[in-house]
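J.: So that we are looking at the same thing, I have put the structure below in structure tokens.
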Amino acid sequence: MTDTSAYEPPKVWTWNKESGGRFASINRPIAGPTHDKELPVGRHPLQLYSLATPNGVKVTVMLEELLAAGHKDAEYDAWLIKIDGNQFGSGFVAVNPNSKIPALMDRSGPEPIRVFESGSILVYLAEKFGAFLPTDVKTRAETFSWLFWQMGSAPYLGGGFGHFYAYAPTKIEYAIDRFAMEVKRQLDVLDRRLADNEYLAGDVYTIADMAVWPWYGSLAKGLLYGGGEFLSVQDYKNVQRWTDAIAARPAVKRGRMVNRTWGEPSSQLHERHDAGDFDTRTQDKIGDQAAS
């Protein structure tokens, strides 16, 4: 259905009704906590509070890649933060005043360090462990360019196309066409870059790939918003090749399971506190038991 009703914005906007759509009940125009709730703390130096959305997957993939590369100090506890109001608890807001997942607390030093925004967490971890961020100036610059490309582009994919195509209470032709056009342009940007490069920064796998893959790799496989056929994602052959190569990495397979609460039970590891949890604590093994 196309919404053709006219809307005249008032001189001053006021919050007097729900905005509509899937997340209307938790959307609000003010920041800060709505209730007191402390965050749990596990035994590892790195404490992650997240959910396996594309932004959350970026960080769990990075942590699993660090561990796979031999960085033992990258061991972490991953705590589940559902986007149902839990992100407005006082403890979470103290770690991320923007109330968005993921959020990280690094307790390895004399004073805890908070890091929020997924791109910032990737850079922080890359610099802390000296991994997945090239040191030569040209490749490092290329890595940062694609990392920040993702941070700037994904809102058009998620809050733009995803919202109006999948979540909005009415189908608005103008909005869907506007954001579908932009998302297809973004896929073409990626496809052209990957035509001559194995990874986004060139020949090396970096945090840029870890940032872009959860969004555009999922989109390329039709797993995001049910929009694969609508966007003809199969036409972007180089994106498909890159997507498949990254998806085959063992650390990526593990990372996308962490804090996941949907899909096949065997793919869901609601909380991760030890490497052995992948073998013993997935939902097919523990069912409805509370994660611990």
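FYI, nothing fancy with the structure tokens labels: chains A, B, ... in order, residues from 1 per chain, ligands from 1 as they appear.
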Quick one: residues within 12 Å of Gly119 in chain A, only C-alpha atoms, excluding same-chain residues fewer than 4 positions away - as a PyMOL selection string?
T.: chain A and resi 54-59+62+101-104+115+123-126+143-152+154+207-212
J.: Would you output that residue set with N, CA, C and O atoms, as a tab-separated table (two decimals), in the first residue's frame?
T.:
chain	number	residue	atom	x	y	z
A	54	PRO	N	23.82	-7.03	13.20
A	54	PRO	CA	25.06	-6.81	12.46
A	54	PRO	C	26.11	-6.02	13.23
A	54	PRO	O	27.30	-6.35	13.17
A	55	ASN	N	25.71	-5.02	13.98
A	55	ASN	CA	26.70	-4.25	14.75
A	55	ASN	C	27.32	-5.09	15.86
A	55	ASN	O	28.51	-4.96	16.16
A	56	GLY	N	26.53	-5.93	16.50
A	56	GLY	CA	27.07	-6.80	17.53
A	56	GLY	C	28.00	-7.85	16.97
A	56	GLY	O	29.05	-8.16	17.56
A	57	VAL	N	27.65	-8.41	15.82
A	57	VAL	CA	28.47	-9.45	15.19
A	57	VAL	C	29.85	-8.94	14.82
A	57	VAL	O	30.84	-9.67	14.90
A	58	LYS	N	29.95	-7.68	14.44
A	58	LYS	CA	31.27	-7.12	14.13
A	58	LYS	C	32.27	-7.41	15.26
A	58	LYS	O	33.40	-7.83	15.02
A	59	VAL	N	31.83	-7.15	16.49
A	59	VAL	CA	32.75	-7.22	17.63
A	59	VAL	C	33.02	-8.66	18.03
A	59	VAL	O	34.17	-9.01	18.35
A	62	MET	N	35.46	-10.05	15.65
A	62	MET	CA	36.80	-9.53	15.93
A	62	MET	C	37.43	-10.26	17.12
A	62	MET	O	38.61	-10.68	17.07
A	101	ILE	N	23.62	-1.26	21.45
A	101	ILE	CA	24.63	-2.32	21.50
A	101	ILE	C	25.51	-2.19	20.26
A	101	ILE	O	25.07	-1.63	19.24
A	102	PRO	N	26.77	-2.65	20.31
A	102	PRO	CA	27.44	-3.28	21.45
A	102	PRO	C	28.14	-2.24	22.33
A	102	PRO	O	28.36	-1.10	21.91
A	103	ALA	N	28.49	-2.68	23.53
A	103	ALA	CA	29.29	-1.85	24.43
A	103	ALA	C	30.32	-2.76	25.11
A	103	ALA	O	30.03	-3.91	25.42
A	104	LEU	N	31.51	-2.23	25.32
A	104	LEU	CA	32.63	-3.02	25.84
A	104	LEU	C	33.22	-2.34	27.06
A	104	LEU	O	33.39	-1.12	27.08
A	115	VAL	N	34.16	1.43	26.07
A	115	VAL	CA	34.25	1.72	24.64
A	115	VAL	C	32.88	1.43	24.04
A	115	VAL	O	32.35	0.32	24.21
A	123	VAL	N	38.42	-0.56	16.32
A	123	VAL	CA	39.70	0.16	16.30
A	123	VAL	C	40.43	-0.03	17.64
A	123	VAL	O	41.64	-0.27	17.67
A	124	TYR	N	39.70	0.07	18.73
A	124	TYR	CA	40.30	-0.09	20.06
A	124	TYR	C	40.97	-1.45	20.19
A	124	TYR	O	42.12	-1.56	20.63
A	125	LEU	N	40.26	-2.50	19.81
A	125	LEU	CA	40.81	-3.85	19.93
A	125	LEU	C	41.96	-4.06	18.96
A	125	LEU	O	42.96	-4.71	19.30
A	126	ALA	N	41.85	-3.53	17.76
A	126	ALA	CA	42.93	-3.68	16.77
A	126	ALA	C	44.21	-3.03	17.27
A	126	ALA	O	45.31	-3.59	17.12
A	143	THR	N	41.93	0.92	5.00
A	143	THR	CA	41.14	0.23	6.01
A	143	THR	C	40.20	1.18	6.73
A	143	THR	O	39.00	0.92	6.87
A	144	PHE	N	40.73	2.31	7.17
A	144	PHE	CA	39.89	3.29	7.86
A	144	PHE	C	38.81	3.85	6.93
A	144	PHE	O	37.68	4.10	7.36
A	145	SER	N	39.16	4.05	5.68
A	145	SER	CA	38.17	4.60	4.74
A	145	SER	C	36.97	3.67	4.60
A	145	SER	O	35.82	4.11	4.64
A	146	TRP	N	37.23	2.37	4.46
A	146	TRP	CA	36.12	1.43	4.31
A	146	TRP	C	35.39	1.20	5.63
A	146	TRP	O	34.16	0.98	5.64
A	147	LEU	N	36.11	1.25	6.74
A	147	LEU	CA	35.45	1.15	8.04
A	147	LEU	C	34.45	2.29	8.21
A	147	LEU	O	33.28	2.07	8.57
A	148	PHE	N	34.89	3.51	7.94
A	148	PHE	CA	34.00	4.64	8.12
A	148	PHE	C	32.97	4.74	7.00
A	148	PHE	O	31.88	5.31	7.21
A	149	TRP	N	33.26	4.17	5.84
A	149	TRP	CA	32.23	4.03	4.81
A	149	TRP	C	31.06	3.23	5.35
A	149	TRP	O	29.90	3.60	5.19
A	150	GLN	N	31.38	2.14	6.03
A	150	GLN	CA	30.32	1.31	6.59
A	150	GLN	C	29.53	2.06	7.66
A	150	GLN	O	28.29	2.03	7.67
A	151	MET	N	30.22	2.74	8.53
A	151	MET	CA	29.53	3.45	9.60
A	151	MET	C	28.60	4.53	9.05
A	151	MET	O	27.53	4.78	9.61
A	152	GLY	N	28.99	5.13	7.95
A	152	GLY	CA	28.15	6.15	7.35
A	152	GLY	C	27.07	5.60	6.44
A	152	GLY	O	26.00	6.22	6.28
A	154	ALA	N	25.60	2.27	6.52
A	154	ALA	CA	24.64	1.32	7.09
A	154	ALA	C	23.35	1.95	7.57
A	154	ALA	O	22.30	1.31	7.49
A	207	ILE	N	39.83	-5.08	9.89
A	207	ILE	CA	38.61	-4.69	10.60
A	207	ILE	C	37.59	-4.07	9.65
A	207	ILE	O	36.39	-4.05	9.97
A	208	ALA	N	38.01	-3.60	8.49
A	208	ALA	CA	37.04	-3.08	7.52
A	208	ALA	C	36.12	-4.19	7.04
A	208	ALA	O	34.90	-4.02	6.95
A	209	ASP	N	36.69	-5.36	6.75
A	209	ASP	CA	35.86	-6.50	6.33
A	209	ASP	C	34.95	-6.94	7.47
A	209	ASP	O	33.78	-7.29	7.24
A	210	MET	N	35.47	-6.93	8.69
A	210	MET	CA	34.67	-7.34	9.84
A	210	MET	C	33.51	-6.39	10.08
A	210	MET	O	32.45	-6.80	10.58
A	211	ALA	N	33.68	-5.13	9.73
A	211	ALA	CA	32.61	-4.15	9.90
A	211	ALA	C	31.55	-4.25	8.81
A	211	ALA	O	30.35	-4.16	9.07
A	212	VAL	N	32.00	-4.44	7.58
A	212	VAL	CA	31.08	-4.42	6.44
A	212	VAL	C	30.33	-5.74	6.29
A	212	VAL	O	29.14	-5.77	5.95
J.: Hey, what's within 12 Å of Leu46 in chain A if we count only C-alpha atoms and toss same-chain stuff fewer than 6 positions away? As a list in words, please?
T.: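 Result of the neighbour search: Val59, Thr60, Leu63, Lys72, Asp73, Ala74, Glu75, Tyr76, Asp77, Ala78, Trp79, Ala103, Leu104, Met105, Asp106, Arg107, Ser108, Gly109, Pro112, Ile113, Arg114, Val115, Ile121, Tyr124, Leu125, Lys128, Arg272 and His273 of chain A.
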J.: Determine the nearest neighbour of Val258 in chain A from the options A:Tyr49, A:Phe179, A:Trp15, A:Tyr167, counting only C-alpha atoms.
T.: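 Looking at the shortest contact to Val258 in chain A, the residue is A:Tyr49.
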J.: From the set A:Tyr156, A:Ser90, A:Leu66, A:Tyr165, which residue has the shortest atom-to-atom contact distance to Phe129 in chain A, counting only C-alpha atoms?
T.: A:Leu66
J.: Might you pull out every residue within 8 Å of Ala251 in chain A, with only C-alpha atoms counted and same-chain residues fewer than 6 positions away left off, and present them as a ChimeraX atom specification?
T.: /A:61,64-65,68
J.: Please, what distance in Å, to one decimal, runs between CA of Thr280 in chain A and CA of Glu264 in chain A?
T.: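 Interatomic distance, CA of Thr280 in chain A to CA of Glu264 in chain A: 15.4 Å.
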J.: Can you check which residues of range 15-174 of chain A DSSP gives as strand (DSSP E) on the backbone and send them as a list of chain:residue names?
T.: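 The residues of range 15-174 of chain A classed as strand (DSSP E) are A:Leu46, A:Gln47, A:Leu48, A:Tyr49, A:Ser50, A:Tyr76, A:Asp77, A:Ala78, A:Trp79, A:Leu80, A:Ala103, A:Leu104, A:Met105, A:Asp106, A:Ile113, A:Arg114, A:Val115, A:Phe116.
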J.: Return the single residue from A:Ser218, A:Trp242, A:Asn27, A:Pro45 that is closest to Pro110 in chain A, with distances computed using only C-alpha atoms.
T.: A:Pro45
J.: Tell me, as a PyMOL selection string, which residues lie within 12 Å of Glu182 in chain A, counting only C-alpha atoms; anything in the same chain fewer than 2 positions away does not count.
T.: chain A and resi 153-158+160-162+175-180+184-189+231
J.: What would the file look like if the residues just selected were written as a tab-separated table (two decimals), in the first residue's frame with N, CA and C atoms?
T.:
chain	number	residue	atom	x	y	z
A	153	SER	N	27.31	4.44	5.85
A	153	SER	CA	26.37	3.88	4.87
A	153	SER	C	25.28	3.03	5.49
A	154	ALA	N	25.60	2.27	6.52
A	154	ALA	CA	24.64	1.32	7.09
A	154	ALA	C	23.35	1.95	7.57
A	155	PRO	N	23.34	3.18	8.10
A	155	PRO	CA	22.04	3.75	8.48
A	155	PRO	C	21.05	3.85	7.31
A	156	TYR	N	21.55	4.03	6.10
A	156	TYR	CA	20.65	4.04	4.94
A	156	TYR	C	20.09	2.64	4.68
A	157	LEU	N	20.90	1.63	4.97
A	157	LEU	CA	20.45	0.25	4.81
A	157	LEU	C	19.49	-0.15	5.92
A	158	GLY	N	19.85	0.10	7.17
A	158	GLY	CA	19.04	-0.34	8.30
A	158	GLY	C	17.88	0.60	8.62
A	160	GLY	N	16.98	3.17	7.06
A	160	GLY	CA	16.31	3.62	5.84
A	160	GLY	C	15.55	2.49	5.17
A	161	PHE	N	16.27	1.70	4.36
A	161	PHE	CA	15.62	0.62	3.63
A	161	PHE	C	14.96	-0.40	4.55
A	162	GLY	N	15.70	-0.89	5.53
A	162	GLY	CA	15.17	-1.92	6.41
A	162	GLY	C	13.92	-1.48	7.12
A	175	ALA	N	9.53	6.29	0.08
A	175	ALA	CA	10.60	5.95	1.02
A	175	ALA	C	11.31	4.67	0.61
A	176	ILE	N	10.55	3.64	0.22
A	176	ILE	CA	11.16	2.38	-0.18
A	176	ILE	C	12.00	2.56	-1.43
A	177	ASP	N	11.48	3.28	-2.42
A	177	ASP	CA	12.24	3.52	-3.65
A	177	ASP	C	13.51	4.32	-3.36
A	178	ARG	N	13.39	5.32	-2.52
A	178	ARG	CA	14.53	6.18	-2.19
A	178	ARG	C	15.67	5.37	-1.58
A	179	PHE	N	15.35	4.53	-0.60
A	179	PHE	CA	16.41	3.80	0.09
A	179	PHE	C	16.84	2.55	-0.66
A	180	ALA	N	15.95	1.94	-1.44
A	180	ALA	CA	16.36	0.81	-2.28
A	180	ALA	C	17.40	1.28	-3.30
A	184	LYS	N	21.24	-0.22	-3.38
A	184	LYS	CA	21.80	-0.83	-4.59
A	184	LYS	C	23.04	-0.07	-5.05
A	185	ARG	N	23.07	1.23	-4.88
A	185	ARG	CA	24.28	1.99	-5.20
A	185	ARG	C	25.43	1.56	-4.30
A	186	GLN	N	25.14	1.35	-3.01
A	186	GLN	CA	26.17	0.91	-2.08
A	186	GLN	C	26.70	-0.48	-2.46
A	187	LEU	N	25.81	-1.38	-2.83
A	187	LEU	CA	26.25	-2.71	-3.27
A	187	LEU	C	27.14	-2.60	-4.51
A	188	ASP	N	26.83	-1.67	-5.38
A	188	ASP	CA	27.66	-1.48	-6.57
A	188	ASP	C	29.02	-0.91	-6.20
A	189	VAL	N	29.06	-0.01	-5.22
A	189	VAL	CA	30.34	0.51	-4.72
A	189	VAL	C	31.21	-0.64	-4.25
A	231	LEU	N	16.04	-6.63	-4.13
A	231	LEU	CA	17.23	-5.85	-4.50
A	231	LEU	C	18.12	-6.56	-5.52
J.: Taking only C-alpha atoms into account, which of A:Phe92, A:Trp262, A:Phe278, A:Tyr216 comes nearest Pro33 in chain A?
T.: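 Going through A:Phe92, A:Trp262, A:Phe278, A:Tyr216 one by one, the smallest distance to Pro33 in chain A is for A:Phe92.
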J.: Work out how far apart CA of Asp136 in chain A and CA of Glu198 in chain A are and give it in Å to one decimal.
T.: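 Taking CA of Asp136 in chain A as the start and CA of Glu198 in chain A as the end point, the length is 17.8 Å.
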J.: Can you tell me, as a PyMOL selection string, which residues in range 35-181 of chain A count as alpha helix (DSSP H) by DSSP?
T.: chain A and resi 54-68+90-95+118-129+137-155+173-181
J.: For Thr243 in chain A, please output as a compact mmCIF listing (two decimals) with N, CA, C and O atoms, in the first residue's frame all residues within 12 Å (counting only C-alpha atoms; exclusion window: fewer than 6 positions along the same chain).
T.:
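Final output, result09.txt:
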# COMPACT_ATOMS: atom_id res chain seq x y z
N LEU A 190 30.63 -1.52 -3.44
CA LEU A 190 31.37 -2.68 -2.93
C LEU A 190 31.78 -3.61 -4.06
O LEU A 190 32.92 -4.11 -4.09
N ASP A 191 30.88 -3.87 -4.96
CA ASP A 191 31.15 -4.82 -6.04
C ASP A 191 32.31 -4.34 -6.91
O ASP A 191 33.17 -5.14 -7.32
N LEU A 194 35.60 -4.77 -4.95
CA LEU A 194 35.99 -6.17 -4.80
C LEU A 194 36.27 -6.87 -6.12
O LEU A 194 36.73 -8.02 -6.13
N GLU A 198 40.92 -8.70 -3.16
CA GLU A 198 40.38 -9.83 -2.42
C GLU A 198 39.57 -9.37 -1.22
O GLU A 198 38.50 -9.93 -0.92
N TYR A 199 40.07 -8.35 -0.54
CA TYR A 199 39.38 -7.77 0.60
C TYR A 199 39.23 -6.28 0.40
O TYR A 199 39.78 -5.71 -0.55
N LEU A 200 38.55 -5.61 1.29
CA LEU A 200 38.25 -4.21 1.08
C LEU A 200 39.49 -3.33 1.12
O LEU A 200 39.58 -2.34 0.38
N ASP A 209 36.69 -5.36 6.75
CA ASP A 209 35.86 -6.50 6.33
C ASP A 209 34.95 -6.94 7.47
O ASP A 209 33.78 -7.29 7.24
N MET A 210 35.47 -6.93 8.69
CA MET A 210 34.67 -7.34 9.84
C MET A 210 33.51 -6.39 10.08
O MET A 210 32.45 -6.80 10.58
N VAL A 212 32.00 -4.44 7.58
CA VAL A 212 31.08 -4.42 6.44
C VAL A 212 30.33 -5.74 6.29
O VAL A 212 29.14 -5.77 5.95
N TRP A 213 31.01 -6.87 6.53
CA TRP A 213 30.42 -8.18 6.25
C TRP A 213 29.11 -8.46 6.98
O TRP A 213 28.16 -8.96 6.35
N PRO A 214 28.98 -8.18 8.28
CA PRO A 214 27.71 -8.52 8.93
C PRO A 214 26.50 -7.82 8.32
O PRO A 214 25.40 -8.37 8.31
N TRP A 215 26.70 -6.62 7.79
CA TRP A 215 25.61 -5.90 7.14
C TRP A 215 25.43 -6.36 5.69
O TRP A 215 24.38 -6.87 5.31
N TYR A 216 26.45 -6.17 4.90
CA TYR A 216 26.29 -6.36 3.45
C TYR A 216 26.46 -7.81 3.03
O TYR A 216 25.92 -8.22 1.99
N GLY A 217 27.17 -8.60 3.82
CA GLY A 217 27.22 -10.03 3.56
C GLY A 217 25.87 -10.67 3.81
O GLY A 217 25.38 -11.48 3.02
N SER A 218 25.23 -10.29 4.92
CA SER A 218 23.89 -10.81 5.21
C SER A 218 22.89 -10.35 4.15
O SER A 218 22.03 -11.12 3.70
N LEU A 219 23.02 -9.10 3.73
CA LEU A 219 22.14 -8.60 2.67
C LEU A 219 22.34 -9.38 1.38
O LEU A 219 21.38 -9.76 0.71
N ALA A 220 23.60 -9.66 1.04
CA ALA A 220 23.92 -10.36 -0.21
C ALA A 220 23.36 -11.77 -0.24
O ALA A 220 23.12 -12.33 -1.31
N LYS A 221 23.14 -12.37 0.94
CA LYS A 221 22.59 -13.72 1.02
C LYS A 221 21.09 -13.72 1.29
O LYS A 221 20.51 -14.77 1.57
N GLY A 222 20.47 -12.57 1.21
CA GLY A 222 19.04 -12.49 1.41
C GLY A 222 18.59 -12.69 2.83
O GLY A 222 17.42 -13.01 3.08
N VAL A 233 20.13 -9.10 -5.23
CA VAL A 233 21.48 -9.15 -4.65
C VAL A 233 22.39 -10.15 -5.36
O VAL A 233 23.62 -10.02 -5.31
N GLN A 234 21.81 -11.14 -6.03
CA GLN A 234 22.63 -12.14 -6.72
C GLN A 234 23.44 -11.54 -7.86
O GLN A 234 24.41 -12.14 -8.34
N TYR A 236 25.40 -9.04 -7.76
CA TYR A 236 26.67 -8.46 -7.31
C TYR A 236 27.66 -9.60 -7.04
O TYR A 236 27.88 -10.02 -5.91
N LYS A 237 28.25 -10.09 -8.12
CA LYS A 237 29.05 -11.32 -8.07
C LYS A 237 30.29 -11.20 -7.19
O LYS A 237 30.68 -12.16 -6.51
N ARG A 249 35.27 -18.59 7.28
CA ARG A 249 36.30 -18.51 8.31
C ARG A 249 35.76 -19.06 9.63
O ARG A 249 34.67 -18.66 10.08
N VAL A 252 34.68 -16.49 12.19
CA VAL A 252 33.46 -15.79 11.80
C VAL A 252 32.24 -16.65 12.12
O VAL A 252 31.22 -16.15 12.62
J.: Please provide as a ChimeraX atom specification all residues within 9 Å of Gly91 in chain A, with the sequence filter that same-chain residues fewer than 4 positions apart are discarded (counting only C-alpha atoms).
T.: /A:33,36-40,87,95-96
J.: Can you list, as a PyMOL selection string, every protein, DNA or RNA residue that comes within 8 Å of Gln283 in chain A when you count only C-alpha atoms, leaving out same-chain residues fewer than 2 positions away?
T.: chain A and resi 265-270+281+285-288
J.: Please dump the current selection as a PDB file, in the first residue's frame; keep N, CA and C atoms.
T.:
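So the final result, stored in again_14.pdb, reads:
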ATOM      1  N   PRO A 265      18.449 -23.486  16.791  1.00  0.00           N
ATOM      2  CA  PRO A 265      18.983 -23.515  18.159  1.00  0.00           C
ATOM      3  C   PRO A 265      20.481 -23.794  18.217  1.00  0.00           C
ATOM      4  N   SER A 266      20.986 -24.615  17.287  1.00  0.00           N
ATOM      5  CA  SER A 266      22.417 -24.926  17.284  1.00  0.00           C
ATOM      6  C   SER A 266      23.281 -23.729  16.904  1.00  0.00           C
ATOM      7  N   SER A 267      22.663 -22.675  16.350  1.00  0.00           N
ATOM      8  CA  SER A 267      23.404 -21.468  15.962  1.00  0.00           C
ATOM      9  C   SER A 267      23.338 -20.381  17.020  1.00  0.00           C
ATOM     10  N   GLN A 268      22.665 -20.665  18.131  1.00  0.00           N
ATOM     11  CA  GLN A 268      22.462 -19.653  19.164  1.00  0.00           C
ATOM     12  C   GLN A 268      23.314 -19.941  20.408  1.00  0.00           C
ATOM     13  N   LEU A 269      24.213 -19.019  20.696  1.00  0.00           N
ATOM     14  CA  LEU A 269      24.946 -19.050  21.959  1.00  0.00           C
ATOM     15  C   LEU A 269      24.606 -17.748  22.682  1.00  0.00           C
ATOM     16  N   HIS A 270      23.601 -17.801  23.528  1.00  0.00           N
ATOM     17  CA  HIS A 270      23.064 -16.574  24.119  1.00  0.00           C
ATOM     18  C   HIS A 270      24.114 -15.789  24.888  1.00  0.00           C
ATOM     19  N   ARG A 281      27.040 -25.062  25.246  1.00  0.00           N
ATOM     20  CA  ARG A 281      26.032 -24.124  25.744  1.00  0.00           C
ATOM     21  C   ARG A 281      25.134 -23.537  24.660  1.00  0.00           C
ATOM     22  N   LYS A 285      21.464 -27.558  22.984  1.00  0.00           N
ATOM     23  CA  LYS A 285      21.980 -28.402  24.075  1.00  0.00           C
ATOM     24  C   LYS A 285      21.389 -28.052  25.432  1.00  0.00           C
ATOM     25  N   ILE A 286      21.081 -26.759  25.639  1.00  0.00           N
ATOM     26  CA  ILE A 286      20.583 -26.371  26.970  1.00  0.00           C
ATOM     27  C   ILE A 286      19.115 -26.016  26.950  1.00  0.00           C
ATOM     28  N   GLY A 287      18.504 -25.874  25.781  1.00  0.00           N
ATOM     29  CA  GLY A 287      17.084 -25.578  25.697  1.00  0.00           C
ATOM     30  C   GLY A 287      16.729 -24.298  26.382  1.00  0.00           C
ATOM     31  N   ASP A 288      15.747 -24.346  27.260  1.00  0.00           N
ATOM     32  CA  ASP A 288      15.256 -23.149  27.934  1.00  0.00           C
ATOM     33  C   ASP A 288      15.988 -22.835  29.231  1.00  0.00           C
TER      34      ASP A 288
END
J.: State, in Å with one decimal place, the distance from CA of Ala195 in chain A to CA of Gln240 in chain A.
T.: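 It comes out at 10.8 Å.
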